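For reference, the structure is listed below as structure tokens.
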Amino acid sequence: MFTSPSLKGLQAFEAAARAGSFVAAAEELSVSAAAVSQLIRTLEEQMGRKLFQRVNRRVVLTEAGVEMLPRLTVAFQEIGSVSRELGGDAFRPRLVVSVPPSMAMGWLSQRLAGFVESHGAADISLRGDDDPVPFDRELIDIRLSYGPHYREHPTEDIARDAVYPVCAPKLVGTNKVDGEPLAGLPLIHTDWGPTGASFPSWRNWFEATNAQSGRGVRRGLSANSSRAALDLAISGLGVTLAQGIYCAEAVEDGRLVRPAAGAIALRQPYCLTIPERSATRDVVTAFRDWLVGECRRAVGSPALR
């Protein structure tokens, strides 16, 4: 008599096959790696087939496992869909999103409600990480980064940005020297540090725009994150060079103004990386489309033209 395989065993197999390791599956299912191994061993006994082979300390799907995986993935996605339609949350999709710290602190966290409202509830883990990030160890589904750091995974350029001088409205028109709008204003600097990419400096901006600084261009406040520098500018402490993706909304609603025309294009694009194990998941596809739209809408804001 045929014995139906256990649902937990099938779930353990599908997670391990999709993630590529028992350890990653254990983290996703909140159990130990030993428990995953035992569940899969029992499943193999119930089915009378070997689903994994161990090769150089790695687990590789057998032909039986390869045949079984896509059907199980579809089945679990359907179970999740039914559960959501019935109002349950036992199978809510889990999504791990990694972005630069400045983006996690304000820009993306303030927008997530829009994604949940339009696409339904999901267990989202929002991480603010510096590059490089450990995709497999942390089970990261989507990584937004400045520059193409992860070409070993499917990566796409999604938006090109620039930096713009911005400050609080109360600073505009004050301390103008020889008609130069920025010459008398306190400057706020952004330095991503020795391991970060090169960020445009005020010296770069004055040289690129043929403007007169009227003062030492290295003096003033300094921050090691784009978000911190932007907050200092909103507080009225000076003028900073801010990426369009971060400052567009504040310029649109009047918290910031652009005291001078001109911009410097960033050297690298914003890139989106999605590992193959996550690419076919519906929640990942939906979040990718939503996030690309938000990024392009920000960098293309009419307030930055």
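Residue numbers start at 1 in each chain; chains themselves are named A, B, ... in the order of the structure tokens; ligands are numbered from 1 in the order shown.
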- [ ] Using DSSP on the backbone coordinates, identify all residues within range 215-280 of chain A classified as helix (DSSP H, G or I); present the result as a VMD selection string.
- [x] chain A and resid 226 to 234 244 to 252 276 to 279
Requested in this report: Write out as a ChimeraX atom specification each polymer residue whose atoms come within 12 Å of Glu294 in chain A, counting only C-alpha atoms; drop sequence neighbours fewer than 3 positions from it.
Outcome: /A:107-108,110-112,114-115,158-159,245-246,248-249,287-291,297-301
The residue from A:Leu10, A:Leu182, A:Ala233, A:Ala263 with the smallest atom-to-atom distance to Trp205 in chain A, counting only C-alpha atoms, is A:Ala263
Write out as a list in words the residues lying within 9 Å of Pro186 in chain A, counting only C-alpha atoms and excluding same-chain residues fewer than 6 positions away. Arg219, Gly220, Leu221, Leu237, Gly238, Val239 and Thr240 of chain A
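You will find CA of Val251 in chain A at 9.2 Å from CA of Cys167 in chain A.
If you count only C-alpha atoms and ignore residues fewer than 5 places along the chain from range 51-63 of chain A, what sits within 9 Å of it is Phe13, Ala16, Ala17, Gly20, Ser21, Phe22, Ile40, Arg41, Leu43, Glu44 and Met68 of chain A.
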Those same residues, written as a PDB file, in the first residue's frame with all heavy atoms?
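Everything below was put into again_14.pdb:
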ATOM      1  N   PHE A  13      12.129  19.250   1.534  1.00  0.00           N
ATOM      2  CA  PHE A  13      12.784  18.977   0.249  1.00  0.00           C
ATOM      3  C   PHE A  13      12.723  20.194  -0.667  1.00  0.00           C
ATOM      4  O   PHE A  13      13.722  20.601  -1.270  1.00  0.00           O
ATOM      5  CB  PHE A  13      12.124  17.784  -0.442  1.00  0.00           C
ATOM      6  CG  PHE A  13      12.470  17.686  -1.904  1.00  0.00           C
ATOM      7  CD1 PHE A  13      13.706  17.211  -2.317  1.00  0.00           C
ATOM      8  CD2 PHE A  13      11.566  18.116  -2.880  1.00  0.00           C
ATOM      9  CE1 PHE A  13      14.045  17.156  -3.660  1.00  0.00           C
ATOM     10  CE2 PHE A  13      11.898  18.062  -4.219  1.00  0.00           C
ATOM     11  CZ  PHE A  13      13.134  17.578  -4.618  1.00  0.00           C
ATOM     12  N   ALA A  16      15.078  22.967   0.550  1.00  0.00           N
ATOM     13  CA  ALA A  16      16.486  22.620   0.379  1.00  0.00           C
ATOM     14  C   ALA A  16      16.884  22.643  -1.093  1.00  0.00           C
ATOM     15  O   ALA A  16      17.963  23.116  -1.456  1.00  0.00           O
ATOM     16  CB  ALA A  16      16.760  21.242   0.979  1.00  0.00           C
ATOM     17  N   ALA A  17      16.013  22.146  -1.965  1.00  0.00           N
ATOM     18  CA  ALA A  17      16.314  22.125  -3.395  1.00  0.00           C
ATOM     19  C   ALA A  17      16.354  23.539  -3.966  1.00  0.00           C
ATOM     20  O   ALA A  17      17.209  23.872  -4.785  1.00  0.00           O
ATOM     21  CB  ALA A  17      15.272  21.286  -4.126  1.00  0.00           C
ATOM     22  N   GLY A  20      19.414  25.357  -2.220  1.00  0.00           N
ATOM     23  CA  GLY A  20      20.697  24.759  -2.557  1.00  0.00           C
ATOM     24  C   GLY A  20      21.471  24.186  -1.398  1.00  0.00           C
ATOM     25  O   GLY A  20      22.613  23.763  -1.566  1.00  0.00           O
ATOM     26  N   SER A  21      20.871  24.162  -0.192  1.00  0.00           N
ATOM     27  CA  SER A  21      21.564  23.580   0.953  1.00  0.00           C
ATOM     28  C   SER A  21      20.574  23.272   2.063  1.00  0.00           C
ATOM     29  O   SER A  21      19.528  23.916   2.181  1.00  0.00           O
ATOM     30  CB  SER A  21      22.656  24.514   1.486  1.00  0.00           C
ATOM     31  OG  SER A  21      22.102  25.553   2.266  1.00  0.00           O
ATOM     32  N   PHE A  22      20.928  22.290   2.900  1.00  0.00           N
ATOM     33  CA  PHE A  22      20.101  21.959   4.053  1.00  0.00           C
ATOM     34  C   PHE A  22      20.141  23.080   5.090  1.00  0.00           C
ATOM     35  O   PHE A  22      19.149  23.347   5.771  1.00  0.00           O
ATOM     36  CB  PHE A  22      20.586  20.650   4.691  1.00  0.00           C
ATOM     37  CG  PHE A  22      20.261  19.413   3.880  1.00  0.00           C
ATOM     38  CD1 PHE A  22      19.666  19.507   2.629  1.00  0.00           C
ATOM     39  CD2 PHE A  22      20.559  18.148   4.368  1.00  0.00           C
ATOM     40  CE1 PHE A  22      19.369  18.379   1.878  1.00  0.00           C
ATOM     41  CE2 PHE A  22      20.266  17.003   3.631  1.00  0.00           C
ATOM     42  CZ  PHE A  22      19.679  17.122   2.380  1.00  0.00           C
ATOM     43  N   ILE A  40      14.077  14.787   5.060  1.00  0.00           N
ATOM     44  CA  ILE A  40      14.328  14.389   3.667  1.00  0.00           C
ATOM     45  C   ILE A  40      14.671  12.907   3.588  1.00  0.00           C
ATOM     46  O   ILE A  40      14.237  12.204   2.663  1.00  0.00           O
ATOM     47  CB  ILE A  40      15.441  15.263   3.068  1.00  0.00           C
ATOM     48  CG1 ILE A  40      14.929  16.708   2.897  1.00  0.00           C
ATOM     49  CG2 ILE A  40      15.908  14.710   1.726  1.00  0.00           C
ATOM     50  CD1 ILE A  40      15.970  17.694   2.444  1.00  0.00           C
ATOM     51  N   ARG A  41      15.419  12.401   4.562  1.00  0.00           N
ATOM     52  CA  ARG A  41      15.737  10.971   4.579  1.00  0.00           C
ATOM     53  C   ARG A  41      14.457  10.139   4.684  1.00  0.00           C
ATOM     54  O   ARG A  41      14.287   9.128   3.979  1.00  0.00           O
ATOM     55  CB  ARG A  41      16.666  10.660   5.745  1.00  0.00           C
ATOM     56  CG  ARG A  41      17.220   9.224   5.716  1.00  0.00           C
ATOM     57  CD  ARG A  41      18.154   8.953   6.873  1.00  0.00           C
ATOM     58  NE  ARG A  41      19.272   9.893   6.873  1.00  0.00           N
ATOM     59  CZ  ARG A  41      19.488  10.802   7.809  1.00  0.00           C
ATOM     60  NH1 ARG A  41      18.641  10.920   8.826  1.00  0.00           N
ATOM     61  NH2 ARG A  41      20.532  11.589   7.740  1.00  0.00           N
ATOM     62  N   LEU A  43      11.453  11.114   3.794  1.00  0.00           N
ATOM     63  CA  LEU A  43      10.730  11.298   2.533  1.00  0.00           C
ATOM     64  C   LEU A  43      11.277  10.353   1.469  1.00  0.00           C
ATOM     65  O   LEU A  43      10.513   9.735   0.710  1.00  0.00           O
ATOM     66  CB  LEU A  43      10.840  12.750   2.075  1.00  0.00           C
ATOM     67  CG  LEU A  43      10.191  13.104   0.731  1.00  0.00           C
ATOM     68  CD1 LEU A  43       8.671  12.938   0.812  1.00  0.00           C
ATOM     69  CD2 LEU A  43      10.552  14.539   0.328  1.00  0.00           C
ATOM     70  N   GLU A  44      12.592  10.235   1.381  1.00  0.00           N
ATOM     71  CA  GLU A  44      13.202   9.337   0.398  1.00  0.00           C
ATOM     72  C   GLU A  44      12.801   7.883   0.654  1.00  0.00           C
ATOM     73  O   GLU A  44      12.535   7.124  -0.287  1.00  0.00           O
ATOM     74  CB  GLU A  44      14.725   9.490   0.449  1.00  0.00           C
ATOM     75  CG  GLU A  44      15.219  10.820  -0.112  1.00  0.00           C
ATOM     76  CD  GLU A  44      16.715  11.006   0.042  1.00  0.00           C
ATOM     77  OE1 GLU A  44      17.282  10.462   1.021  1.00  0.00           O
ATOM     78  OE2 GLU A  44      17.321  11.689  -0.804  1.00  0.00           O
ATOM     79  N   MET A  68      10.901  16.378  -9.617  1.00  0.00           N
ATOM     80  CA  MET A  68       9.904  16.647  -8.600  1.00  0.00           C
ATOM     81  C   MET A  68       9.806  18.120  -8.195  1.00  0.00           C
ATOM     82  O   MET A  68       8.730  18.629  -7.878  1.00  0.00           O
ATOM     83  CB  MET A  68      10.272  15.820  -7.357  1.00  0.00           C
ATOM     84  CG  MET A  68       9.133  15.531  -6.417  1.00  0.00           C
ATOM     85  SD  MET A  68       9.654  14.250  -5.259  1.00  0.00           S
ATOM     86  CE  MET A  68       9.594  15.165  -3.766  1.00  0.00           C
TER      87      MET A  68
END
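When only C-alpha atoms are used to measure the gap to Lys8 in chain A, the shortest distance among A:Thr190, A:Leu39, A:Thr280, A:Ile274 belongs to A:Leu39.
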Sel. of strand (DSSP E) residues, range 13-249 of chain A, as a ChimeraX atom specification: /A:52-55,58-61,94-99,123-128,142-146,155-159,162-166,187-190,221-223,239-243
Selection export as a PDB file, in the first residue's frame, atoms kept: C-alpha atoms:
ATOM      1  CA  PHE A  52      19.807  14.255  -3.263  1.00  0.00           C
ATOM      2  CA  GLN A  53      23.394  13.181  -3.789  1.00  0.00           C
ATOM      3  CA  ARG A  54      26.260  14.452  -1.657  1.00  0.00           C
ATOM      4  CA  VAL A  55      29.146  15.752  -3.796  1.00  0.00           C
ATOM      5  CA  ARG A  58      27.382  19.763  -1.232  1.00  0.00           C
ATOM      6  CA  VAL A  59      23.947  18.364  -1.942  1.00  0.00           C
ATOM      7  CA  VAL A  60      22.957  17.984  -5.591  1.00  0.00           C
ATOM      8  CA  LEU A  61      19.546  16.966  -6.896  1.00  0.00           C
ATOM      9  CA  ARG A  94       8.645  35.447   2.989  1.00  0.00           C
ATOM     10  CA  LEU A  95      10.810  38.045   1.314  1.00  0.00           C
ATOM     11  CA  VAL A  96      14.337  39.117   2.302  1.00  0.00           C
ATOM     12  CA  VAL A  97      15.246  42.509   0.832  1.00  0.00           C
ATOM     13  CA  SER A  98      18.750  43.970   1.172  1.00  0.00           C
ATOM     14  CA  VAL A  99      19.511  47.613   0.385  1.00  0.00           C
ATOM     15  CA  ASP A 123       6.676  38.522   5.765  1.00  0.00           C
ATOM     16  CA  ILE A 124       9.294  41.041   4.663  1.00  0.00           C
ATOM     17  CA  SER A 125      12.739  41.226   6.213  1.00  0.00           C
ATOM     18  CA  LEU A 126      14.262  44.610   5.336  1.00  0.00           C
ATOM     19  CA  ARG A 127      18.036  44.696   5.754  1.00  0.00           C
ATOM     20  CA  GLY A 128      20.381  47.684   5.518  1.00  0.00           C
ATOM     21  CA  ILE A 142      16.591  40.896  -3.717  1.00  0.00           C
ATOM     22  CA  ARG A 143      19.598  43.195  -3.399  1.00  0.00           C
ATOM     23  CA  LEU A 144      19.570  46.824  -4.523  1.00  0.00           C
ATOM     24  CA  SER A 145      23.081  48.236  -4.730  1.00  0.00           C
ATOM     25  CA  TYR A 146      24.994  51.176  -6.118  1.00  0.00           C
ATOM     26  CA  THR A 155      21.865  41.549 -12.206  1.00  0.00           C
ATOM     27  CA  GLU A 156      20.229  44.430 -14.070  1.00  0.00           C
ATOM     28  CA  ASP A 157      20.909  48.171 -14.227  1.00  0.00           C
ATOM     29  CA  ILE A 158      17.650  49.847 -13.238  1.00  0.00           C
ATOM     30  CA  ALA A 159      18.309  53.590 -12.874  1.00  0.00           C
ATOM     31  CA  ALA A 162      22.908  62.339 -10.154  1.00  0.00           C
ATOM     32  CA  VAL A 163      23.663  64.557  -7.150  1.00  0.00           C
ATOM     33  CA  TYR A 164      22.080  67.981  -6.670  1.00  0.00           C
ATOM     34  CA  PRO A 165      22.817  70.815  -4.237  1.00  0.00           C
ATOM     35  CA  VAL A 166      19.889  71.055  -1.798  1.00  0.00           C
ATOM     36  CA  LEU A 187      28.612  73.058   3.224  1.00  0.00           C
ATOM     37  CA  ILE A 188      27.684  69.520   4.273  1.00  0.00           C
ATOM     38  CA  HIS A 189      29.932  66.769   2.962  1.00  0.00           C
ATOM     39  CA  THR A 190      29.257  63.068   2.323  1.00  0.00           C
ATOM     40  CA  LEU A 221      29.815  69.278   8.581  1.00  0.00           C
ATOM     41  CA  SER A 222      30.532  65.795   7.278  1.00  0.00           C
ATOM     42  CA  ALA A 223      28.510  62.562   7.341  1.00  0.00           C
ATOM     43  CA  VAL A 239      23.666  72.704   1.749  1.00  0.00           C
ATOM     44  CA  THR A 240      24.564  69.179   0.692  1.00  0.00           C
ATOM     45  CA  LEU A 241      25.001  67.224  -2.511  1.00  0.00           C
ATOM     46  CA  ALA A 242      22.217  64.647  -2.451  1.00  0.00           C
ATOM     47  CA  GLN A 243      21.272  61.821  -4.783  1.00  0.00           C
TER      48      GLN A 243
END
A straight line from CA of Ala250 in chain A to CA of Ala121 in chain A spans 28.1 Å
Leu272 in chain A proximity check over A:Cys247, A:Ile234, A:Cys295, A:Ala229, using only C-alpha atoms: winner is A:Cys295
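Counting from CA of Thr209 in chain A, the distance to CA of Gly262 in chain A is 6.6 Å.
When only C-alpha atoms are used to measure the gap to Arg227 in chain A, the shortest distance among A:Met103, A:Ala279, A:Ala24, A:Ala34 belongs to A:Met103.
Ranking A:Val66, A:Val172, A:Glu138, A:Ser102 by their shortest atom-to-atom distance to Asn224 in chain A, with only C-alpha atoms included, puts A:Ser102 first.
Among the candidates A:Val217, A:Ala168, A:Leu7, A:Leu230, the one nearest to Gln46 in chain A when counting only C-alpha atoms is A:Leu7.
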Per residue of range 224-287 of chain A within 10 Å of range 75-78 of chain A, which atom pair is closest and at what distance in Å (one decimal), using only C-alpha atoms, listed by chain and increasing number, as a tab-separated table?
residue	atom	partner	partner_atom	distance
A:Arg281	CA	A:Gln77	CA	8.2
A:Asp282	CA	A:Gln77	CA	8.2
A:Val283	CA	A:Gln77	CA	9.9
